[in-house]
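Engineer: Dropping a structure here in structure tokens format, bear with me for questions.
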Amino acid sequence: MRRLLIALVPLLLAACTAAPAGDPAPTTSSLPKGELAVLAERIEQRRAELGTAAFHTEGFASDGQSTEVRNVVDGVVRQDGDGVTGSMTMDVSTGGQPKKIALVLVRDGTYVQVEGAPMPAGKKWGFYPAAGGGEVAALLRGFGPSATVGAELDYVQPRAALILGKAAEQLDGVPVTRFDLVVDAFKMAKVIEDKDIQLQHTQLAEYGVTISATVWVDDTSAPVQAEYRFELDGKVVKRSTTRFRGWGEPVEITVPAQAEVVPADQLPQ
């Protein structure tokens, strides 16, 4: 199972390996940047207040040529002062080959179950501790820089993005306000703590990959949907969209029985 996760990681980050294509295009904004700072603050405040939600994510990554990864993720998430926990199932298609992965995120790590992966007798889950779970973190980076559910919202960053447009819409019958953003990858790199993700965003800018993002919020500023897109030469090479439902409603996060769990460093190679 460890080998499978390692193999998936570079493909899920494939957009970061595109070939150079000239200087990044300049960006402009027709609305004041201060509005984005207010929006980001209100979104974060509402997420903290509500705490829980169900979510559906669809993502795509490509090297700009023939290799691509598509993923569909469904699950629940809980956010509080101690961090983020959750459970989800991830359907990943790599070059047309499907694989189902289940994950349970807890405070000190992540439980992972990969369909069809060889496991020791009686074991169903591998446990990757937070301190050494680089493979899992890379897998979750499809959501966005912070590698967690809803990380598309990382790009609602007033120090790196500008609002290009704003409009009232209906999303699945829910009245929302849509904000369209353009993100400066160089500036985004400066606000990201992870050194690898910093470097990737710097390289994206150098290679001419542009980043845009969209967020839909309800009348309380709770996020209803969030999306980012990486484009190279007018072609989307990476995208992730998360739709949230049931903010503030109870969620169930079931931790696997310890008798069915094996530490990641004891998984078959």
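Please note that chains go A, B, ... in the order of the structure tokens, that every chain numbers its residues from 1, and that ligands are numbered from 1 in the order shown.
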Find the residues near segment 101-111 of chain A: any atom within 9 Å, counting only C-alpha atoms, skip ones fewer than 2 places away on the same chain, and give them as a PDB file with N, CA, C and O atoms, in the first residue's frame.
Structural biologist:
```pdb
ATOM      1  N   VAL A  77     -16.273  16.517   7.729  1.00  0.00           N
ATOM      2  CA  VAL A  77     -15.121  17.164   8.340  1.00  0.00           C
ATOM      3  C   VAL A  77     -15.563  17.894   9.596  1.00  0.00           C
ATOM      4  O   VAL A  77     -16.688  18.394   9.686  1.00  0.00           O
ATOM      5  N   ASP A  82      -8.353  22.551  17.923  1.00  0.00           N
ATOM      6  CA  ASP A  82      -7.247  21.588  17.900  1.00  0.00           C
ATOM      7  C   ASP A  82      -6.887  21.128  16.496  1.00  0.00           C
ATOM      8  O   ASP A  82      -5.979  20.318  16.315  1.00  0.00           O
ATOM      9  N   GLY A  83      -7.617  21.614  15.478  1.00  0.00           N
ATOM     10  CA  GLY A  83      -7.297  21.226  14.120  1.00  0.00           C
ATOM     11  C   GLY A  83      -8.492  20.638  13.390  1.00  0.00           C
ATOM     12  O   GLY A  83      -9.644  20.899  13.727  1.00  0.00           O
ATOM     13  N   VAL A  84      -8.196  19.812  12.385  1.00  0.00           N
ATOM     14  CA  VAL A  84      -9.227  19.249  11.519  1.00  0.00           C
ATOM     15  C   VAL A  84      -9.222  17.730  11.635  1.00  0.00           C
ATOM     16  O   VAL A  84      -8.172  17.082  11.591  1.00  0.00           O
ATOM     17  N   THR A  85     -10.402  17.150  11.812  1.00  0.00           N
ATOM     18  CA  THR A  85     -10.570  15.707  11.734  1.00  0.00           C
ATOM     19  C   THR A  85     -11.648  15.428  10.705  1.00  0.00           C
ATOM     20  O   THR A  85     -12.424  16.310  10.322  1.00  0.00           O
ATOM     21  N   GLY A  86     -11.715  14.170  10.242  1.00  0.00           N
ATOM     22  CA  GLY A  86     -12.721  13.850   9.242  1.00  0.00           C
ATOM     23  C   GLY A  86     -12.595  12.429   8.758  1.00  0.00           C
ATOM     24  O   GLY A  86     -11.691  11.684   9.145  1.00  0.00           O
ATOM     25  N   SER A  87     -13.540  12.033   7.923  1.00  0.00           N
ATOM     26  CA  SER A  87     -13.468  10.730   7.262  1.00  0.00           C
ATOM     27  C   SER A  87     -13.959  10.907   5.841  1.00  0.00           C
ATOM     28  O   SER A  87     -14.824  11.753   5.574  1.00  0.00           O
ATOM     29  N   MET A  88     -13.409  10.113   4.932  1.00  0.00           N
ATOM     30  CA  MET A  88     -13.748  10.280   3.524  1.00  0.00           C
ATOM     31  C   MET A  88     -13.402   9.044   2.722  1.00  0.00           C
ATOM     32  O   MET A  88     -12.577   8.217   3.132  1.00  0.00           O
ATOM     33  N   THR A  89     -14.058   8.917   1.584  1.00  0.00           N
ATOM     34  CA  THR A  89     -13.683   7.918   0.587  1.00  0.00           C
ATOM     35  C   THR A  89     -13.251   8.665  -0.658  1.00  0.00           C
ATOM     36  O   THR A  89     -13.877   9.649  -1.065  1.00  0.00           O
ATOM     37  N   MET A  90     -12.183   8.189  -1.258  1.00  0.00           N
ATOM     38  CA  MET A  90     -11.584   8.858  -2.406  1.00  0.00           C
ATOM     39  C   MET A  90     -11.509   7.864  -3.567  1.00  0.00           C
ATOM     40  O   MET A  90     -10.865   6.818  -3.457  1.00  0.00           O
ATOM     41  N   ASP A  91     -12.195   8.179  -4.649  1.00  0.00           N
ATOM     42  CA  ASP A  91     -12.105   7.380  -5.876  1.00  0.00           C
ATOM     43  C   ASP A  91     -11.107   8.066  -6.791  1.00  0.00           C
ATOM     44  O   ASP A  91     -11.352   9.179  -7.283  1.00  0.00           O
ATOM     45  N   VAL A  92      -9.987   7.406  -7.022  1.00  0.00           N
ATOM     46  CA  VAL A  92      -8.898   7.977  -7.805  1.00  0.00           C
ATOM     47  C   VAL A  92      -8.733   7.192  -9.102  1.00  0.00           C
ATOM     48  O   VAL A  92      -8.681   5.956  -9.097  1.00  0.00           O
ATOM     49  N   LYS A  99      -9.038   3.361  -8.456  1.00  0.00           N
ATOM     50  CA  LYS A  99      -8.641   2.845  -7.150  1.00  0.00           C
ATOM     51  C   LYS A  99      -9.455   3.573  -6.086  1.00  0.00           C
ATOM     52  O   LYS A  99      -9.659   4.783  -6.161  1.00  0.00           O
ATOM     53  N   GLN A 113      -6.947   3.112   4.074  1.00  0.00           N
ATOM     54  CA  GLN A 113      -7.288   1.791   3.541  1.00  0.00           C
ATOM     55  C   GLN A 113      -7.350   1.903   2.023  1.00  0.00           C
ATOM     56  O   GLN A 113      -8.132   2.685   1.485  1.00  0.00           O
ATOM     57  N   VAL A 114      -6.517   1.133   1.343  1.00  0.00           N
ATOM     58  CA  VAL A 114      -6.467   1.153  -0.118  1.00  0.00           C
ATOM     59  C   VAL A 114      -7.046  -0.145  -0.651  1.00  0.00           C
ATOM     60  O   VAL A 114      -6.556  -1.235  -0.315  1.00  0.00           O
ATOM     61  N   GLU A 115      -8.080  -0.034  -1.444  1.00  0.00           N
ATOM     62  CA  GLU A 115      -8.750  -1.212  -1.986  1.00  0.00           C
ATOM     63  C   GLU A 115      -7.764  -2.077  -2.775  1.00  0.00           C
ATOM     64  O   GLU A 115      -7.042  -1.593  -3.645  1.00  0.00           O
ATOM     65  N   TRP A 125      -6.266  -1.503   7.856  1.00  0.00           N
ATOM     66  CA  TRP A 125      -5.894  -0.104   7.795  1.00  0.00           C
ATOM     67  C   TRP A 125      -4.409   0.079   8.105  1.00  0.00           C
ATOM     68  O   TRP A 125      -3.858  -0.609   8.960  1.00  0.00           O
ATOM     69  N   GLY A 126      -3.792   1.030   7.427  1.00  0.00           N
ATOM     70  CA  GLY A 126      -2.467   1.491   7.797  1.00  0.00           C
ATOM     71  C   GLY A 126      -2.590   2.823   8.514  1.00  0.00           C
ATOM     72  O   GLY A 126      -3.459   3.638   8.180  1.00  0.00           O
ATOM     73  N   PHE A 127      -1.754   3.050   9.538  1.00  0.00           N
ATOM     74  CA  PHE A 127      -1.794   4.307  10.268  1.00  0.00           C
ATOM     75  C   PHE A 127      -0.521   5.100  10.000  1.00  0.00           C
ATOM     76  O   PHE A 127       0.589   4.623  10.240  1.00  0.00           O
ATOM     77  N   TYR A 128      -0.700   6.311   9.494  1.00  0.00           N
ATOM     78  CA  TYR A 128       0.405   7.206   9.177  1.00  0.00           C
ATOM     79  C   TYR A 128       0.418   8.342  10.204  1.00  0.00           C
ATOM     80  O   TYR A 128      -0.484   9.187  10.206  1.00  0.00           O
ATOM     81  N   PRO A 129       1.393   8.398  11.112  1.00  0.00           N
ATOM     82  CA  PRO A 129       1.429   9.467  12.116  1.00  0.00           C
ATOM     83  C   PRO A 129       1.626  10.818  11.462  1.00  0.00           C
ATOM     84  O   PRO A 129       2.262  10.934  10.406  1.00  0.00           O
ATOM     85  N   ALA A 130       1.070  11.844  12.089  1.00  0.00           N
ATOM     86  CA  ALA A 130       1.154  13.188  11.516  1.00  0.00           C
ATOM     87  C   ALA A 130       2.595  13.627  11.324  1.00  0.00           C
ATOM     88  O   ALA A 130       2.925  14.313  10.349  1.00  0.00           O
ATOM     89  N   ALA A 131       3.458  13.218  12.236  1.00  0.00           N
ATOM     90  CA  ALA A 131       4.848  13.648  12.169  1.00  0.00           C
ATOM     91  C   ALA A 131       5.597  13.017  10.999  1.00  0.00           C
ATOM     92  O   ALA A 131       6.606  13.557  10.550  1.00  0.00           O
ATOM     93  N   GLY A 132       5.117  11.868  10.506  1.00  0.00           N
ATOM     94  CA  GLY A 132       5.837  11.201   9.433  1.00  0.00           C
ATOM     95  C   GLY A 132       4.938  10.757   8.305  1.00  0.00           C
ATOM     96  O   GLY A 132       5.254   9.805   7.593  1.00  0.00           O
ATOM     97  N   GLY A 133       3.819  11.466   8.126  1.00  0.00           N
ATOM     98  CA  GLY A 133       2.848  11.062   7.113  1.00  0.00           C
ATOM     99  C   GLY A 133       2.955  11.858   5.833  1.00  0.00           C
ATOM    100  O   GLY A 133       1.942  12.315   5.271  1.00  0.00           O
ATOM    101  N   VAL A 136       0.744  10.718   2.876  1.00  0.00           N
ATOM    102  CA  VAL A 136      -0.672  11.070   2.992  1.00  0.00           C
ATOM    103  C   VAL A 136      -0.859  12.559   2.768  1.00  0.00           C
ATOM    104  O   VAL A 136      -1.803  12.979   2.076  1.00  0.00           O
ATOM    105  N   ILE A 253     -17.536  10.423  12.796  1.00  0.00           N
ATOM    106  CA  ILE A 253     -16.189  10.059  12.346  1.00  0.00           C
ATOM    107  C   ILE A 253     -15.778   8.825  13.139  1.00  0.00           C
ATOM    108  O   ILE A 253     -15.497   8.901  14.338  1.00  0.00           O
ATOM    109  N   THR A 254     -15.783   7.676  12.483  1.00  0.00           N
ATOM    110  CA  THR A 254     -15.518   6.403  13.145  1.00  0.00           C
ATOM    111  C   THR A 254     -14.053   6.015  12.980  1.00  0.00           C
ATOM    112  O   THR A 254     -13.569   5.842  11.855  1.00  0.00           O
ATOM    113  N   VAL A 255     -13.350   5.887  14.076  1.00  0.00           N
ATOM    114  CA  VAL A 255     -11.947   5.487  14.055  1.00  0.00           C
ATOM    115  C   VAL A 255     -11.870   3.964  13.947  1.00  0.00           C
ATOM    116  O   VAL A 255     -12.576   3.253  14.667  1.00  0.00           O
ATOM    117  N   PRO A 256     -11.035   3.430  13.054  1.00  0.00           N
ATOM    118  CA  PRO A 256     -10.929   1.974  12.915  1.00  0.00           C
ATOM    119  C   PRO A 256     -10.528   1.286  14.216  1.00  0.00           C
ATOM    120  O   PRO A 256      -9.795   1.858  15.031  1.00  0.00           O
ATOM    121  N   VAL A 261      -5.556  -2.404  12.621  1.00  0.00           N
ATOM    122  CA  VAL A 261      -4.635  -1.356  12.182  1.00  0.00           C
ATOM    123  C   VAL A 261      -3.186  -1.830  12.299  1.00  0.00           C
ATOM    124  O   VAL A 261      -2.809  -2.512  13.257  1.00  0.00           O
TER     125      VAL A 261
END
```
Engineer: For Gly122 of chain A, find every residue with an atom within 10 Å (counting only C-alpha atoms), except residues of its own chain fewer than 5 positions away, and show them as JSON, numbers by chain.
Structural biologist: {"A": [259, 260, 261, 262]}
Engineer: Please measure the separation of atom CA of Ala117 of chain A and atom CA of Leu139 of chain A, giving the value in Å to one decimal.
Structural biologist: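 Computing the Euclidean distance for atom CA of Ala117 of chain A and atom CA of Leu139 of chain A yields 16.3 Å.
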Engineer: Need the shell around segment 215-232 of chain A: protein/DNA/RNA residues with any atom at most 6 Å away, counting only C-alpha atoms. Skip same-chain ones fewer than 3 positions apart. Format as a ChimeraX atom specification?
Structural biologist: /A:42-43,46,152,176-179,209-212,235-244
Engineer: Would you output that residue set with C-alpha atoms, as a JSON list (two decimals), in the first residue's frame?
Structural biologist:
```
[["chain", "number", "residue", "atom", "x", "y", "z"],
["A", 42, "ARG", "CA", -15.68, 36.19, 7.65],
["A", 43, "ILE", "CA", -15.27, 32.80, 5.96],
["A", 46, "ARG", "CA", -18.02, 31.08, 10.09],
["A", 152, "GLU", "CA", -9.26, 25.43, -1.98],
["A", 176, "VAL", "CA", -25.06, 32.77, -2.79],
["A", 177, "THR", "CA", -22.55, 35.46, -3.64],
["A", 178, "ARG", "CA", -19.83, 34.38, -6.05],
["A", 179, "PHE", "CA", -16.34, 35.90, -5.87],
["A", 209, "VAL", "CA", 1.07, 28.67, -14.87],
["A", 210, "THR", "CA", -1.71, 31.03, -13.75],
["A", 211, "ILE", "CA", -3.93, 30.45, -10.73],
["A", 212, "SER", "CA", -7.55, 31.51, -10.46],
["A", 235, "LYS", "CA", -5.53, 24.93, -20.72],
["A", 236, "VAL", "CA", -6.60, 23.83, -17.23],
["A", 237, "VAL", "CA", -3.93, 21.45, -15.92],
["A", 238, "LYS", "CA", -5.13, 21.20, -12.33],
["A", 239, "ARG", "CA", -8.45, 21.90, -10.63],
["A", 240, "SER", "CA", -10.24, 21.10, -7.39],
["A", 241, "THR", "CA", -13.82, 21.97, -6.44],
["A", 242, "THR", "CA", -15.37, 21.28, -3.03],
["A", 243, "ARG", "CA", -19.11, 21.63, -2.32],
["A", 244, "PHE", "CA", -20.09, 21.93, 1.35]]
```
Engineer: For Trp247 of chain A, find every residue with an atom within 6 Å (counting only C-alpha atoms), except residues of its own chain fewer than 2 positions away, and show them as a tab-separated table (two decimals) with N, CA and C atoms, in the first residue's frame.
Structural biologist:
```tsv
chain	number	residue	atom	x	y	z
A	50	LEU	N	-19.24	27.17	12.95
A	50	LEU	CA	-20.10	26.06	12.56
A	50	LEU	C	-19.42	24.71	12.81
A	52	THR	N	-18.62	21.86	11.61
A	52	THR	CA	-18.77	20.59	10.90
A	52	THR	C	-19.50	20.79	9.57
A	53	ALA	N	-19.23	19.86	8.65
A	53	ALA	CA	-19.92	19.88	7.36
A	53	ALA	C	-19.69	18.57	6.65
A	245	ARG	N	-22.03	21.01	2.46
A	245	ARG	CA	-23.45	20.92	2.83
A	245	ARG	C	-23.56	20.66	4.33
A	249	GLU	N	-24.16	20.79	11.32
A	249	GLU	CA	-24.92	19.59	11.67
A	249	GLU	C	-23.98	18.51	12.22
```
Engineer: Could you go through segment 22-257 of chain A and tell me which residues DSSP, when run on the backbone, assigns to strand (DSSP E or B), listing them as a VMD selection string?
Structural biologist: chain A and resid 52 to 62 68 to 80 83 to 94 97 to 106 109 to 114 125 to 129 161 to 171 174 to 183 210 to 217 223 to 232 235 to 245
Engineer: May I have the selected residues written with C-alpha atoms, as a short mmCIF file (atom, residue, chain, number, x, y, z; two decimals), in the first residue's frame?
Structural biologist:
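Full text of result_5.cif as output:
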```cif
data_model
loop_
_atom_site.label_atom_id
_atom_site.label_comp_id
_atom_site.auth_asym_id
_atom_site.auth_seq_id
_atom_site.Cartn_x
_atom_site.Cartn_y
_atom_site.Cartn_z
CA THR A 52 -18.77 20.59 10.90
CA ALA A 53 -19.92 19.88 7.36
CA ALA A 54 -20.35 17.19 4.75
CA PHE A 55 -18.44 17.70 1.52
CA HIS A 56 -18.07 16.49 -2.06
CA THR A 57 -14.85 17.19 -3.97
CA GLU A 58 -13.95 16.65 -7.61
CA GLY A 59 -10.36 17.14 -8.71
CA PHE A 60 -8.19 16.81 -11.77
CA ALA A 61 -4.46 17.05 -12.44
CA SER A 62 -2.49 16.63 -15.65
CA GLU A 68 -3.75 12.63 -15.73
CA VAL A 69 -5.34 11.88 -12.37
CA ARG A 70 -9.01 12.40 -11.53
CA ASN A 71 -10.44 12.05 -8.04
CA VAL A 72 -13.88 12.21 -6.47
CA VAL A 73 -14.04 12.51 -2.67
CA ASP A 74 -17.04 12.32 -0.33
CA GLY A 75 -16.92 12.68 3.41
CA VAL A 76 -17.41 14.76 6.54
CA VAL A 77 -15.12 17.16 8.34
CA ARG A 78 -14.90 18.68 11.82
CA GLN A 79 -12.85 21.79 12.55
CA ASP A 80 -12.09 23.14 16.02
CA GLY A 83 -7.30 21.23 14.12
CA VAL A 84 -9.23 19.25 11.52
CA THR A 85 -10.57 15.71 11.73
CA GLY A 86 -12.72 13.85 9.24
CA SER A 87 -13.47 10.73 7.26
CA MET A 88 -13.75 10.28 3.52
CA THR A 89 -13.68 7.92 0.59
CA MET A 90 -11.58 8.86 -2.41
CA ASP A 91 -12.10 7.38 -5.88
CA VAL A 92 -8.90 7.98 -7.80
CA SER A 93 -8.41 7.29 -11.50
CA THR A 94 -4.82 7.31 -12.72
CA GLN A 97 -7.11 2.88 -13.77
CA PRO A 98 -9.53 3.29 -10.80
CA LYS A 99 -8.64 2.84 -7.15
CA LYS A 100 -10.71 3.43 -4.00
CA ILE A 101 -9.06 4.86 -0.90
CA ALA A 102 -10.66 5.42 2.51
CA LEU A 103 -9.14 7.87 4.99
CA VAL A 104 -9.90 8.78 8.59
CA LEU A 105 -8.14 11.94 9.80
CA VAL A 106 -7.49 12.19 13.54
CA GLY A 109 -2.34 11.04 12.09
CA THR A 110 -4.36 9.37 9.35
CA TYR A 111 -5.79 5.89 8.91
CA VAL A 112 -5.64 4.72 5.29
CA GLN A 113 -7.29 1.79 3.54
CA VAL A 114 -6.47 1.15 -0.12
CA TRP A 125 -5.89 -0.10 7.80
CA GLY A 126 -2.47 1.49 7.80
CA PHE A 127 -1.79 4.31 10.27
CA TYR A 128 0.40 7.21 9.18
CA PRO A 129 1.43 9.47 12.12
CA ALA A 161 -5.11 37.43 -4.51
CA LEU A 162 -7.36 40.08 -6.00
CA ILE A 163 -11.11 40.09 -6.64
CA LEU A 164 -11.93 40.22 -10.35
CA GLY A 165 -15.70 39.91 -10.07
CA LYS A 166 -18.63 39.50 -7.73
CA ALA A 167 -22.20 38.38 -8.46
CA ALA A 168 -25.36 37.08 -6.80
CA GLU A 169 -26.27 33.55 -7.91
CA GLN A 170 -28.23 30.44 -7.01
CA LEU A 171 -26.24 27.27 -6.30
CA VAL A 174 -29.24 28.26 -2.38
CA PRO A 175 -28.80 32.05 -2.77
CA VAL A 176 -25.06 32.77 -2.79
CA THR A 177 -22.55 35.46 -3.64
CA ARG A 178 -19.83 34.38 -6.05
CA PHE A 179 -16.34 35.90 -5.87
CA ASP A 180 -13.90 35.33 -8.75
CA LEU A 181 -10.24 35.74 -7.81
CA VAL A 182 -6.89 35.88 -9.52
CA VAL A 183 -3.94 34.63 -7.46
CA THR A 210 -1.71 31.03 -13.75
CA ILE A 211 -3.93 30.45 -10.73
CA SER A 212 -7.55 31.51 -10.46
CA ALA A 213 -10.05 30.73 -7.73
CA THR A 214 -13.76 31.09 -7.05
CA VAL A 215 -15.67 30.97 -3.78
CA TRP A 216 -19.43 30.95 -3.25
CA VAL A 217 -20.70 32.05 0.17
CA PRO A 223 -18.60 28.79 2.23
CA VAL A 224 -20.98 26.82 0.01
CA GLN A 225 -18.43 25.94 -2.67
CA ALA A 226 -14.76 26.68 -3.36
CA GLU A 227 -12.60 26.02 -6.39
CA TYR A 228 -9.14 26.71 -7.78
CA ARG A 229 -7.76 26.26 -11.28
CA PHE A 230 -4.20 26.12 -12.64
CA GLU A 231 -3.90 27.03 -16.32
CA LEU A 232 -1.02 26.72 -18.75
CA LYS A 235 -5.53 24.93 -20.72
CA VAL A 236 -6.60 23.83 -17.23
CA VAL A 237 -3.93 21.45 -15.92
CA LYS A 238 -5.13 21.20 -12.33
CA ARG A 239 -8.45 21.90 -10.63
CA SER A 240 -10.24 21.10 -7.39
CA THR A 241 -13.82 21.97 -6.44
CA THR A 242 -15.37 21.28 -3.03
CA ARG A 243 -19.11 21.63 -2.32
CA PHE A 244 -20.09 21.93 1.35
CA ARG A 245 -23.45 20.92 2.83
#
```
